[in-house]
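Listing of work-v2.pdb, PDB, C-alpha atoms
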```
ATOM      1  CA  ARG A 199      32.121  51.313 -21.655
ATOM      2  CA  GLN A 200      31.879  52.746 -18.152
ATOM      3  CA  GLN A 201      33.429  50.780 -15.279
ATOM      4  CA  LYS A 202      31.830  50.667 -11.849
ATOM      5  CA  TYR A 203      33.908  52.252  -9.088
ATOM      6  CA  GLN A 204      35.114  49.687  -6.524
ATOM      7  CA  PRO A 205      36.305  51.445  -3.358
ATOM      8  CA  SER A 206      39.196  49.867  -1.474
ATOM      9  CA  ALA A 207      38.528  48.357   1.939
ATOM     10  CA  TYR A 208      41.970  49.714   2.927
ATOM     11  CA  PRO A 209      42.251  53.249   1.500
ATOM     12  CA  GLU A 210      45.775  54.653   1.479
ATOM     13  CA  ASP A 211      44.782  57.852   3.310
ATOM     14  CA  LEU A 212      43.687  55.728   6.311
ATOM     15  CA  VAL A 213      46.737  53.447   6.298
ATOM     16  CA  GLY A 214      49.320  54.494   8.871
ATOM     17  CA  GLU A 215      49.736  55.386  12.520
ATOM     18  CA  TRP A 216      46.802  56.597  14.657
ATOM     19  CA  GLU A 217      46.506  57.922  18.199
ATOM     20  CA  VAL A 218      43.417  56.279  19.773
ATOM     21  CA  THR A 219      41.790  57.749  22.898
ATOM     22  CA  ASP A 220      39.110  55.778  24.783
ATOM     23  CA  LEU A 221      36.488  57.879  26.576
ATOM     24  CA  ILE A 222      33.632  57.317  29.047
ATOM     25  CA  GLY A 223      31.413  60.301  29.756
ATOM     26  CA  GLY A 224      33.933  62.603  28.083
ATOM     27  CA  GLU A 225      36.717  61.438  30.442
ATOM     28  CA  THR A 226      39.826  59.766  28.992
ATOM     29  CA  ILE A 227      40.279  56.200  30.263
ATOM     30  CA  GLY A 228      43.118  55.109  27.961
ATOM     31  CA  GLU A 229      45.312  55.998  25.013
ATOM     32  CA  CYS A 230      47.391  53.961  22.597
ATOM     33  CA  THR A 231      48.980  54.121  19.165
ATOM     34  CA  VAL A 232      47.544  51.836  16.490
ATOM     35  CA  GLN A 233      49.084  50.995  13.108
ATOM     36  CA  LEU A 234      46.605  50.229  10.291
ATOM     37  CA  SER A 235      48.359  48.427   7.431
ATOM     38  CA  ASP A 236      47.387  48.281   3.763
ATOM     39  CA  ASP A 237      46.609  44.545   3.982
ATOM     40  CA  GLY A 238      43.991  44.949   6.733
ATOM     41  CA  LYS A 239      46.159  44.092   9.728
ATOM     42  CA  VAL A 240      46.142  46.073  12.986
ATOM     43  CA  GLU A 241      49.319  46.417  15.048
ATOM     44  CA  LEU A 242      49.658  47.881  18.534
ATOM     45  CA  GLU A 243      51.757  47.488  21.672
ATOM     46  CA  GLY A 244      50.645  46.486  25.119
ATOM     47  CA  PRO A 245      48.278  43.901  26.497
ATOM     48  CA  LEU A 246      46.065  44.038  23.407
ATOM     49  CA  GLU A 247      46.734  42.325  20.076
ATOM     50  CA  GLY A 248      45.473  43.774  16.803
ATOM     51  CA  LEU A 249      43.227  41.705  14.544
ATOM     52  CA  ARG A 250      41.719  43.273  11.378
ATOM     53  CA  TRP A 251      40.446  46.622  10.094
ATOM     54  CA  ARG A 252      38.462  47.837   7.104
ATOM     55  CA  CYS A 253      36.676  50.891   5.721
ATOM     56  CA  ASP A 254      33.197  50.513   4.264
ATOM     57  CA  PRO A 255      31.787  53.352   2.147
ATOM     58  CA  GLY A 256      28.507  54.754   3.397
ATOM     59  CA  PRO A 257      25.540  55.638   1.222
ATOM     60  CA  THR A 258      26.072  59.375   1.733
ATOM     61  CA  HIS A 259      29.152  61.246   2.952
ATOM     62  CA  LEU A 260      30.106  59.064   5.952
ATOM     63  CA  ASP A 261      32.408  56.064   5.699
ATOM     64  CA  THR A 262      32.512  53.413   8.435
ATOM     65  CA  VAL A 263      35.902  52.367   9.800
ATOM     66  CA  VAL A 264      36.009  49.205  11.925
ATOM     67  CA  PHE A 265      38.965  47.604  13.664
ATOM     68  CA  GLN A 266      39.213  44.802  16.204
ATOM     69  CA  VAL A 267      41.629  44.024  19.021
ATOM     70  CA  ILE A 268      41.802  41.060  21.397
ATOM     71  CA  GLY A 269      42.878  41.211  25.026
ATOM     72  CA  SER A 270      45.068  38.711  26.861
ATOM     73  CA  ASP A 271      41.875  37.257  28.413
ATOM     74  CA  GLY A 272      40.362  36.603  24.962
ATOM     75  CA  THR A 273      37.950  39.545  25.037
ATOM     76  CA  ILE A 274      37.444  41.000  21.552
ATOM     77  CA  LEU A 275      36.759  44.728  21.325
ATOM     78  CA  GLN A 276      35.366  46.215  18.140
ATOM     79  CA  TYR A 277      35.962  49.893  17.422
ATOM     80  CA  ARG A 278      33.369  51.219  14.932
ATOM     81  CA  GLY A 279      33.725  54.849  13.902
ATOM     82  CA  PHE A 280      32.647  57.235  11.206
ATOM     83  CA  VAL A 281      34.680  59.596   9.075
ATOM     84  CA  ASP A 282      33.367  62.287   6.760
ATOM     85  CA  ARG A 283      34.485  61.698   3.179
ATOM     86  CA  GLY A 284      34.853  65.455   2.654
ATOM     87  CA  SER A 285      37.218  65.790   5.613
ATOM     88  CA  ARG A 286      39.336  62.980   4.174
ATOM     89  CA  LEU A 287      39.668  64.927   0.918
ATOM     90  CA  GLU A 288      40.316  68.192   2.759
ATOM     91  CA  SER A 289      43.093  66.591   4.850
ATOM     92  CA  LYS A 290      44.995  65.666   1.683
ATOM     93  CA  ILE A 291      45.190  69.363   0.764
ATOM     94  CA  SER A 292      45.590  70.949   4.197
ATOM     95  CA  LYS A 293      47.839  68.179   5.644
ATOM     96  CA  ARG A 294      45.754  68.316   8.833
ATOM     97  CA  PRO A 295      45.076  64.983  10.558
ATOM     98  CA  ILE A 296      41.914  62.961   9.906
ATOM     99  CA  LYS A 297      39.704  62.278  12.951
ATOM    100  CA  ILE A 298      37.424  59.276  13.398
ATOM    101  CA  ARG A 299      34.853  59.125  16.203
ATOM    102  CA  GLY A 300      32.761  56.177  17.314
ATOM    103  CA  LYS A 301      31.864  53.507  19.881
ATOM    104  CA  VAL A 302      33.727  50.584  21.394
ATOM    105  CA  MET A 303      31.723  47.355  21.674
ATOM    106  CA  PHE A 304      32.290  43.804  22.852
ATOM    107  CA  GLN A 305      32.246  41.354  19.976
ATOM    108  CA  MET A 306      30.428  38.054  20.480
ATOM    109  CA  ARG A 307      32.727  35.060  20.574
ATOM    110  CA  ASP A 308      32.323  31.415  19.578
ATOM    111  CA  GLY A 309      29.058  30.031  20.964
ATOM    112  CA  SER A 310      30.511  26.572  21.626
ATOM    113  CA  ILE A 311      32.162  27.770  24.853
ATOM    114  CA  ASP A 312      30.326  27.154  28.142
ATOM    115  CA  TYR A 313      28.090  30.228  28.533
ATOM    116  CA  PHE A 314      28.533  30.530  32.304
ATOM    117  CA  LYS A 315      32.335  30.402  32.049
ATOM    118  CA  ASP A 316      32.424  32.864  29.164
ATOM    119  CA  MET A 317      30.761  35.897  30.752
ATOM    120  CA  LEU A 318      32.057  39.200  29.441
ATOM    121  CA  PRO A 319      33.106  41.824  31.986
ATOM    122  CA  ILE A 320      30.591  44.499  32.934
ATOM    123  CA  ASN A 321      31.386  48.167  32.540
ATOM    124  CA  TYR A 322      31.077  49.520  36.082
ATOM    125  CA  ARG A 323      31.205  53.140  35.001
ATOM    126  CA  GLU A 324      28.137  54.865  33.661
ATOM    127  CA  GLY A 325      28.061  55.898  30.018
ATOM    128  CA  THR A 326      29.047  54.376  26.731
ATOM    129  CA  THR A 327      32.676  53.718  25.877
ATOM    130  CA  ARG A 328      33.537  55.920  22.929
ATOM    131  CA  PHE A 329      36.756  56.643  21.112
ATOM    132  CA  VAL A 330      38.438  59.313  19.040
ATOM    133  CA  MET A 331      41.303  58.401  16.761
ATOM    134  CA  THR A 332      43.546  60.958  15.103
ATOM    135  CA  LYS A 333      45.910  60.188  12.237
ATOM    136  CA  ILE A 334      49.526  60.941  13.066
ATOM    137  CA  VAL A 335      50.703  63.176  10.211
ATOM    138  CA  GLU A 336      54.323  62.945   9.121
ATOM    139  CA  GLU A 337      56.164  66.265   8.843
ATOM    140  CA  ARG A 338      57.435  66.921   5.308
TER     141      ARG A 338
END
```

Structure rendered as structure tokens:
Amino acid sequence: RQQKYQPSAYPEDLVGEWEVTDLIGGETIGECTVQLSDDGKVELEGPLEGLRWRCDPGPTHLDTVVFQVIGSDGTILQYRGFVDRGSRLESKISKRPIKIRGKVMFQMRDGSIDYFKDMLPINYREGTTRFVMTKIVEER
């Protein structure tokens, strides 16, 4: 009897330390180090607090990686990026770091809060906030 493949939401090749660079119009606006754990938790230093992460397999060769952080003001940012499944396999052999690229978006919060007191900040710079995250590879 053949068993159906159930991909993990927290694949071991994505677990670990990542260097995340936030970009607007190709210009770097911030960098931080993020730790993705095998139980779905996100850890990072600074004014942001990590929430959850997961990897969802795509229908073709792209997998979607999503992680969320919350700021000290309660703003939730969702990082949604894509990684090529082939490059994940290739990185296991070559030991080169995996790269994930995507967009940063505000996540809607609880609707029970007064709408006029819960306005999200506006991005004053033109362009979409994007990010690139690179896996930090341990030397062996």

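Each of A:Val264, A:Met303, A:Ile291, A:Ile296 was checked against Gly238 of chain A using all atoms listed in the file; the smallest atom-to-atom distance is that of A:Val264.
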
**OP:** Report the residues retrieved by the PyMOL selection byres ((chain A and resi 283) around 12) from the displayed file, expressed as JSON, numbers by chain.
**Re:** {"A": [209, 211, 212, 253, 254, 255, 256, 257, 258, 259, 260, 261, 262, 263, 280, 281, 282, 284, 285, 286, 287, 288, 289, 290, 296, 297, 298]}

re atom CA of Asp220 of chain A and atom CA of Ser292 of chain A: distance 26.4 Å

task: Identify, on the basis of only C-alpha atoms, every residue whose closest approach to Glu241 of chain A does not exceed 12 Å; exclude the query and any residue fewer than 5 positions from it along the same chain; express the result as an NGL selection string.
output: :A and (213-216 or 230-236 or 246-251 or 265-268)

In terms of all atoms listed in the file, the residue from A:Pro205, A:Lys301, A:Glu217, A:Thr226 at minimal distance from Val335 of chain A is A:Glu217

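Atom to atom, atom CA of Asp271 of chain A and atom CA of Gly300 of chain A stand 23.8 Å apart.
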
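Of the residues under consideration (A:Arg278, A:Gly272, A:Glu336, A:Arg252), A:Glu336 shows the shortest atom-to-atom contact distance to Lys293 of chain A when counting only C-alpha atoms.
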
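Between atom CA of Tyr208 of chain A and atom CA of Gly269 of chain A lies a distance of 23.7 Å.
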
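Here the PyMOL selection byres ((chain A and resi 229) around 6) captures the residues A:Val218, A:Thr219, A:Gly228, A:Cys230.
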
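With distances taken over all atoms listed in the file, A:Lys333 is the one residue among A:Thr326, A:Ser270, A:Lys333, A:Gly279 lying closest to Pro295 of chain A.
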
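Proximity of A:Tyr277, A:Thr327, A:Thr332, A:Phe304 to Gly223 of chain A, computed with all atoms listed in the file, is greatest for A:Thr327.
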